[in-house]
$ cat protein.cif   # mmCIF, C-alpha atoms; chains and numbers go by the auth columns
data_query
#
loop_
_atom_site.group_PDB
_atom_site.id
_atom_site.type_symbol
_atom_site.label_atom_id
_atom_site.label_comp_id
_atom_site.label_asym_id
_atom_site.label_seq_id
_atom_site.Cartn_x
_atom_site.Cartn_y
_atom_site.Cartn_z
_atom_site.B_iso_or_equiv
_atom_site.auth_seq_id
_atom_site.auth_asym_id
ATOM 1 C CA GLU A 1 132.992 -38.459 184.893 0.00 1 A
ATOM 2 C CA ASN A 2 132.480 -40.152 188.279 0.00 2 A
ATOM 3 C CA LYS A 3 128.921 -38.861 188.426 0.00 3 A
ATOM 4 C CA ARG A 4 128.120 -40.400 185.032 0.00 4 A
ATOM 5 C CA ALA A 5 129.675 -43.731 186.052 0.00 5 A
ATOM 6 C CA GLU A 6 127.589 -43.729 189.230 0.00 6 A
ATOM 7 C CA GLU A 7 124.428 -42.960 187.251 0.00 7 A
ATOM 8 C CA LEU A 8 125.135 -45.897 184.945 0.00 8 A
ATOM 9 C CA ASN A 9 125.715 -48.229 187.889 0.00 9 A
ATOM 10 C CA GLN A 10 122.407 -47.206 189.482 0.00 10 A
ATOM 11 C CA ARG A 11 120.633 -49.432 186.945 0.00 11 A
ATOM 12 C CA PHE A 12 121.887 -52.479 188.852 0.00 12 A
ATOM 13 C CA VAL A 13 120.353 -51.492 192.217 0.00 13 A
ATOM 14 C CA GLY A 14 117.592 -53.942 193.113 0.00 14 A
ATOM 15 C CA GLN A 15 118.805 -56.577 190.653 0.00 15 A
ATOM 16 C CA THR A 16 120.184 -59.983 191.538 0.00 16 A
ATOM 17 C CA LEU A 17 123.413 -60.602 189.641 0.00 17 A
ATOM 18 C CA ARG A 18 125.527 -63.699 189.105 0.00 18 A
ATOM 19 C CA VAL A 19 128.940 -63.012 190.660 0.00 19 A
ATOM 20 C CA LEU A 20 132.271 -64.831 190.525 0.00 20 A
ATOM 21 C CA SER A 21 133.525 -64.555 194.089 0.00 21 A
ATOM 22 C CA ASP A 22 137.062 -63.425 194.865 0.00 22 A
ATOM 23 C CA GLY A 23 136.458 -64.579 198.440 0.00 23 A
ATOM 24 C CA ARG A 24 137.153 -62.672 201.612 0.00 24 A
ATOM 25 C CA SER A 25 139.979 -60.161 201.516 0.00 25 A
ATOM 26 C CA GLU A 26 142.406 -59.359 204.327 0.00 26 A
ATOM 27 C CA ASP A 27 140.199 -56.460 205.394 0.00 27 A
ATOM 28 C CA GLY A 28 137.330 -58.915 205.969 0.00 28 A
ATOM 29 C CA ILE A 29 135.233 -57.801 203.012 0.00 29 A
ATOM 30 C CA TYR A 30 133.872 -60.254 200.467 0.00 30 A
ATOM 31 C CA ARG A 31 134.277 -59.170 196.846 0.00 31 A
ATOM 32 C CA GLY A 32 133.688 -60.496 193.390 0.00 32 A
ATOM 33 C CA ARG A 33 132.981 -59.504 189.793 0.00 33 A
ATOM 34 C CA THR A 34 129.723 -59.468 187.921 0.00 34 A
ATOM 35 C CA GLY A 35 129.212 -60.642 184.357 0.00 35 A
ATOM 36 C CA HIS A 36 129.528 -56.956 183.413 0.00 36 A
ATOM 37 C CA ASN A 37 133.021 -56.997 184.991 0.00 37 A
ATOM 38 C CA LYS A 38 131.864 -54.692 187.797 0.00 38 A
ATOM 39 C CA ILE A 39 133.511 -55.055 191.194 0.00 39 A
ATOM 40 C CA ILE A 40 130.978 -55.851 193.897 0.00 40 A
ATOM 41 C CA SER A 41 131.410 -56.034 197.664 0.00 41 A
ATOM 42 C CA PHE A 42 128.873 -58.209 199.409 0.00 42 A
ATOM 43 C CA ASN A 43 127.717 -59.239 202.845 0.00 43 A
ATOM 44 C CA LEU A 44 126.900 -62.715 204.047 0.00 44 A
ATOM 45 C CA PRO A 45 123.525 -62.966 205.770 0.00 45 A
ATOM 46 C CA GLU A 46 123.402 -64.036 209.405 0.00 46 A
ATOM 47 C CA GLY A 47 124.030 -67.762 209.645 0.00 47 A
ATOM 48 C CA ALA A 48 125.254 -68.136 206.051 0.00 48 A
ATOM 49 C CA ASP A 49 127.992 -70.674 205.435 0.00 49 A
ATOM 50 C CA ALA A 50 131.150 -68.770 204.419 0.00 50 A
ATOM 51 C CA LYS A 51 132.097 -71.681 202.113 0.00 51 A
ATOM 52 C CA ARG A 52 129.348 -70.500 199.743 0.00 52 A
ATOM 53 C CA ALA A 53 131.377 -67.336 199.083 0.00 53 A
ATOM 54 C CA GLU A 54 134.828 -68.908 198.666 0.00 54 A
ATOM 55 C CA ALA A 55 136.992 -67.627 195.816 0.00 55 A
ATOM 56 C CA GLY A 56 136.135 -69.192 192.474 0.00 56 A
ATOM 57 C CA ARG A 57 132.487 -69.900 193.245 0.00 57 A
ATOM 58 C CA PHE A 58 129.562 -68.432 191.358 0.00 58 A
ATOM 59 C CA ILE A 59 126.987 -66.883 193.652 0.00 59 A
ATOM 60 C CA ASP A 60 123.904 -64.686 193.410 0.00 60 A
ATOM 61 C CA VAL A 61 124.129 -61.225 194.963 0.00 61 A
ATOM 62 C CA LYS A 62 121.321 -58.670 195.258 0.00 62 A
ATOM 63 C CA VAL A 63 122.657 -55.173 194.577 0.00 63 A
ATOM 64 C CA VAL A 64 121.661 -52.685 197.277 0.00 64 A
ATOM 65 C CA LYS A 65 123.946 -49.724 196.519 0.00 65 A
ATOM 66 C CA ALA A 66 125.933 -48.341 193.593 0.00 66 A
ATOM 67 C CA ALA A 67 128.901 -45.985 193.475 0.00 67 A
ATOM 68 C CA ALA A 68 130.994 -44.758 190.552 0.00 68 A
ATOM 69 C CA TYR A 69 133.222 -47.825 190.310 0.00 69 A
ATOM 70 C CA THR A 70 131.760 -50.401 192.677 0.00 70 A
ATOM 71 C CA LEU A 71 128.525 -52.068 193.662 0.00 71 A
ATOM 72 C CA GLU A 72 127.463 -53.321 197.078 0.00 72 A
ATOM 73 C CA GLY A 73 125.087 -56.149 197.782 0.00 73 A
ATOM 74 C CA ASP A 74 123.929 -59.072 199.864 0.00 74 A
ATOM 75 C CA LEU A 75 124.563 -62.747 199.158 0.00 75 A
ATOM 76 C CA ILE A 76 121.351 -64.562 198.276 0.00 76 A
ATOM 77 C CA ILE A 77 121.054 -67.911 200.041 0.00 77 A
#

$ encode --input "protein.cif" --output "structure tokens"
Amino acid sequence: ENKRAEELNQRFVGQTLRVLSDGRSEDGIYRGRTGHNKIISFNLPEGADAKRAEAGRFIDVKVVKAAAYTLEGDLII
């Protein structure tokens, strides 16, 4: 089942998705949810203003990696 979920998530790799940011968690990782209700962790590029990724903001994130239940990406500035 996990393998199938990961295969389905692979379709997002390379795409830029609109994400509703949950902000930075206590472990220092930024997370949000895509329009497909997928959880995505994302990095802020060097020099990016952290205010852009505050909770409640819509941002664009380029997906760079997919796992069974999560995506990983980079904030587009």

$ residues_around --input "protein.cif" --residues "A:Ala68" --least-positions-apart "2" --cutoff "12 Å" --atoms "all atoms listed in the file" --output "ChimeraX atom specification"
/A:1-11,38-40,65-66,70-72

$ residues_around --input "protein.cif" --residues "A:Leu75" --least-positions-apart "2" --cutoff "8 Å" --atoms "all atoms listed in the file" --output "PyMOL selection string"
chain A and resi 42-45+59-62+73+77

$ axis_aligned_box --input "protein.cif" --around "stretch 55-61 of chain A" --padding-each-side "3 Å" --output "JSON"
{"center_x": 130.4, "center_y": -65.6, "center_z": 193.6, "size_x": 19.1, "size_y": 14.7, "size_z": 10.5}

$ closest_residue --input "protein.cif" --among "A:Gly23, A:Gly14, A:Gly28, A:Gly35" --to "A:Ala55" --atoms "all atoms listed in the file"
A:Gly23

$ atom_distance --input "protein.cif" --atom1 "atom CA of A:Arg33" --atom2 "atom CA of A:Phe12"
13.2 Å

$ atom_distance --input "protein.cif" --atom1 "atom CA of A:Val63" --atom2 "atom CA of A:Glu26"
22.4 Å

$ residues_near_point --input "protein.cif" --point "(137.1, -63.0, 198.5)" --cutoff "9 Å" --atoms "all atoms listed in the file" --output "PyMOL selection string"
chain A and resi 21-26+28-32+53-56

$ write_last_selection --input "protein.cif" --atoms "C-alpha atoms" --output "tab-separated table (two decimals), in the coordinates of the input"
chain	number	residue	atom	x	y	z
A	21	SER	CA	133.52	-64.56	194.09
A	22	ASP	CA	137.06	-63.42	194.86
A	23	GLY	CA	136.46	-64.58	198.44
A	24	ARG	CA	137.15	-62.67	201.61
A	25	SER	CA	139.98	-60.16	201.52
A	26	GLU	CA	142.41	-59.36	204.33
A	28	GLY	CA	137.33	-58.92	205.97
A	29	ILE	CA	135.23	-57.80	203.01
A	30	TYR	CA	133.87	-60.25	200.47
A	31	ARG	CA	134.28	-59.17	196.85
A	32	GLY	CA	133.69	-60.50	193.39
A	53	ALA	CA	131.38	-67.34	199.08
A	54	GLU	CA	134.83	-68.91	198.67
A	55	ALA	CA	136.99	-67.63	195.82
A	56	GLY	CA	136.14	-69.19	192.47

$ atom_distance --input "protein.cif" --atom1 "atom CA of A:Asp49" --atom2 "atom CA of A:Tyr69"
27.9 Å

$ closest_residue --input "protein.cif" --among "A:Val13, A:Asp74, A:Val19, A:Thr34" --to "A:Ala48" --atoms "all atoms listed in the file"
A:Asp74

$ build_atoms --input "protein.cif" --residues "stretch 36-56 of chain A" --atoms "N, CA, C and O atoms" --output "PDB file, in the coordinates of the input"
ATOM      1  N   HIS A  36     129.224 -58.220 184.078  1.00  0.00           N
ATOM      2  CA  HIS A  36     129.528 -56.956 183.413  1.00  0.00           C
ATOM      3  C   HIS A  36     130.917 -56.464 183.799  1.00  0.00           C
ATOM      4  O   HIS A  36     131.279 -55.326 183.516  1.00  0.00           O
ATOM      5  N   ASN A  37     131.674 -57.307 184.507  1.00  0.00           N
ATOM      6  CA  ASN A  37     133.021 -56.997 184.991  1.00  0.00           C
ATOM      7  C   ASN A  37     133.038 -55.837 185.991  1.00  0.00           C
ATOM      8  O   ASN A  37     134.014 -55.102 186.088  1.00  0.00           O
ATOM      9  N   LYS A  38     131.944 -55.694 186.742  1.00  0.00           N
ATOM     10  CA  LYS A  38     131.864 -54.692 187.797  1.00  0.00           C
ATOM     11  C   LYS A  38     132.325 -55.328 189.102  1.00  0.00           C
ATOM     12  O   LYS A  38     131.970 -56.473 189.407  1.00  0.00           O
ATOM     13  N   ILE A  39     133.098 -54.580 189.868  1.00  0.00           N
ATOM     14  CA  ILE A  39     133.511 -55.055 191.194  1.00  0.00           C
ATOM     15  C   ILE A  39     132.331 -54.896 192.142  1.00  0.00           C
ATOM     16  O   ILE A  39     131.672 -53.849 192.153  1.00  0.00           O
ATOM     17  N   ILE A  40     132.059 -55.926 192.926  1.00  0.00           N
ATOM     18  CA  ILE A  40     130.978 -55.851 193.897  1.00  0.00           C
ATOM     19  C   ILE A  40     131.456 -56.376 195.246  1.00  0.00           C
ATOM     20  O   ILE A  40     132.112 -57.417 195.319  1.00  0.00           O
ATOM     21  N   SER A  41     131.174 -55.609 196.283  1.00  0.00           N
ATOM     22  CA  SER A  41     131.410 -56.034 197.664  1.00  0.00           C
ATOM     23  C   SER A  41     130.084 -56.580 198.167  1.00  0.00           C
ATOM     24  O   SER A  41     129.023 -56.023 197.847  1.00  0.00           O
ATOM     25  N   PHE A  42     130.136 -57.649 198.940  1.00  0.00           N
ATOM     26  CA  PHE A  42     128.873 -58.209 199.409  1.00  0.00           C
ATOM     27  C   PHE A  42     128.985 -58.732 200.828  1.00  0.00           C
ATOM     28  O   PHE A  42     130.061 -59.070 201.314  1.00  0.00           O
ATOM     29  N   ASN A  43     127.840 -58.753 201.479  1.00  0.00           N
ATOM     30  CA  ASN A  43     127.717 -59.239 202.845  1.00  0.00           C
ATOM     31  C   ASN A  43     127.140 -60.638 202.831  1.00  0.00           C
ATOM     32  O   ASN A  43     126.348 -60.984 201.959  1.00  0.00           O
ATOM     33  N   LEU A  44     127.517 -61.416 203.835  1.00  0.00           N
ATOM     34  CA  LEU A  44     126.900 -62.715 204.047  1.00  0.00           C
ATOM     35  C   LEU A  44     125.790 -62.538 205.071  1.00  0.00           C
ATOM     36  O   LEU A  44     126.006 -61.914 206.106  1.00  0.00           O
ATOM     37  N   PRO A  45     124.607 -63.070 204.796  1.00  0.00           N
ATOM     38  CA  PRO A  45     123.525 -62.966 205.770  1.00  0.00           C
ATOM     39  C   PRO A  45     123.865 -63.726 207.050  1.00  0.00           C
ATOM     40  O   PRO A  45     124.702 -64.641 207.038  1.00  0.00           O
ATOM     41  N   GLU A  46     123.229 -63.357 208.118  1.00  0.00           N
ATOM     42  CA  GLU A  46     123.402 -64.036 209.405  1.00  0.00           C
ATOM     43  C   GLU A  46     123.188 -65.533 209.235  1.00  0.00           C
ATOM     44  O   GLU A  46     122.210 -65.970 208.636  1.00  0.00           O
ATOM     45  N   GLY A  47     124.145 -66.312 209.699  1.00  0.00           N
ATOM     46  CA  GLY A  47     124.030 -67.762 209.645  1.00  0.00           C
ATOM     47  C   GLY A  47     124.445 -68.386 208.323  1.00  0.00           C
ATOM     48  O   GLY A  47     124.400 -69.604 208.181  1.00  0.00           O
ATOM     49  N   ALA A  48     124.849 -67.587 207.350  1.00  0.00           N
ATOM     50  CA  ALA A  48     125.254 -68.136 206.051  1.00  0.00           C
ATOM     51  C   ALA A  48     126.599 -68.845 206.179  1.00  0.00           C
ATOM     52  O   ALA A  48     127.470 -68.414 206.924  1.00  0.00           O
ATOM     53  N   ASP A  49     126.746 -69.918 205.453  1.00  0.00           N
ATOM     54  CA  ASP A  49     127.992 -70.674 205.435  1.00  0.00           C
ATOM     55  C   ASP A  49     129.008 -69.930 204.557  1.00  0.00           C
ATOM     56  O   ASP A  49     128.771 -69.721 203.368  1.00  0.00           O
ATOM     57  N   ALA A  50     130.128 -69.530 205.143  1.00  0.00           N
ATOM     58  CA  ALA A  50     131.150 -68.770 204.419  1.00  0.00           C
ATOM     59  C   ALA A  50     131.713 -69.555 203.229  1.00  0.00           C
ATOM     60  O   ALA A  50     132.223 -68.952 202.285  1.00  0.00           O
ATOM     61  N   LYS A  51     131.597 -70.873 203.235  1.00  0.00           N
ATOM     62  CA  LYS A  51     132.097 -71.681 202.113  1.00  0.00           C
ATOM     63  C   LYS A  51     131.360 -71.345 200.812  1.00  0.00           C
ATOM     64  O   LYS A  51     131.913 -71.498 199.742  1.00  0.00           O
ATOM     65  N   ARG A  52     130.117 -70.869 200.940  1.00  0.00           N
ATOM     66  CA  ARG A  52     129.348 -70.500 199.743  1.00  0.00           C
ATOM     67  C   ARG A  52     130.003 -69.357 198.987  1.00  0.00           C
ATOM     68  O   ARG A  52     129.776 -69.189 197.799  1.00  0.00           O
ATOM     69  N   ALA A  53     130.788 -68.527 199.694  1.00  0.00           N
ATOM     70  CA  ALA A  53     131.377 -67.336 199.083  1.00  0.00           C
ATOM     71  C   ALA A  53     132.880 -67.471 198.863  1.00  0.00           C
ATOM     72  O   ALA A  53     133.574 -66.484 198.665  1.00  0.00           O
ATOM     73  N   GLU A  54     133.396 -68.706 198.895  1.00  0.00           N
ATOM     74  CA  GLU A  54     134.828 -68.908 198.666  1.00  0.00           C
ATOM     75  C   GLU A  54     135.214 -68.455 197.265  1.00  0.00           C
ATOM     76  O   GLU A  54     134.399 -68.470 196.338  1.00  0.00           O
ATOM     77  N   ALA A  55     136.473 -68.070 197.116  1.00  0.00           N
ATOM     78  CA  ALA A  55     136.992 -67.627 195.816  1.00  0.00           C
ATOM     79  C   ALA A  55     136.766 -68.714 194.762  1.00  0.00           C
ATOM     80  O   ALA A  55     136.951 -69.905 195.020  1.00  0.00           O
ATOM     81  N   GLY A  56     136.342 -68.278 193.583  1.00  0.00           N
ATOM     82  CA  GLY A  56     136.135 -69.192 192.474  1.00  0.00           C
ATOM     83  C   GLY A  56     134.726 -69.724 192.345  1.00  0.00           C
ATOM     84  O   GLY A  56     134.393 -70.376 191.358  1.00  0.00           O
TER      85      GLY A  56
END
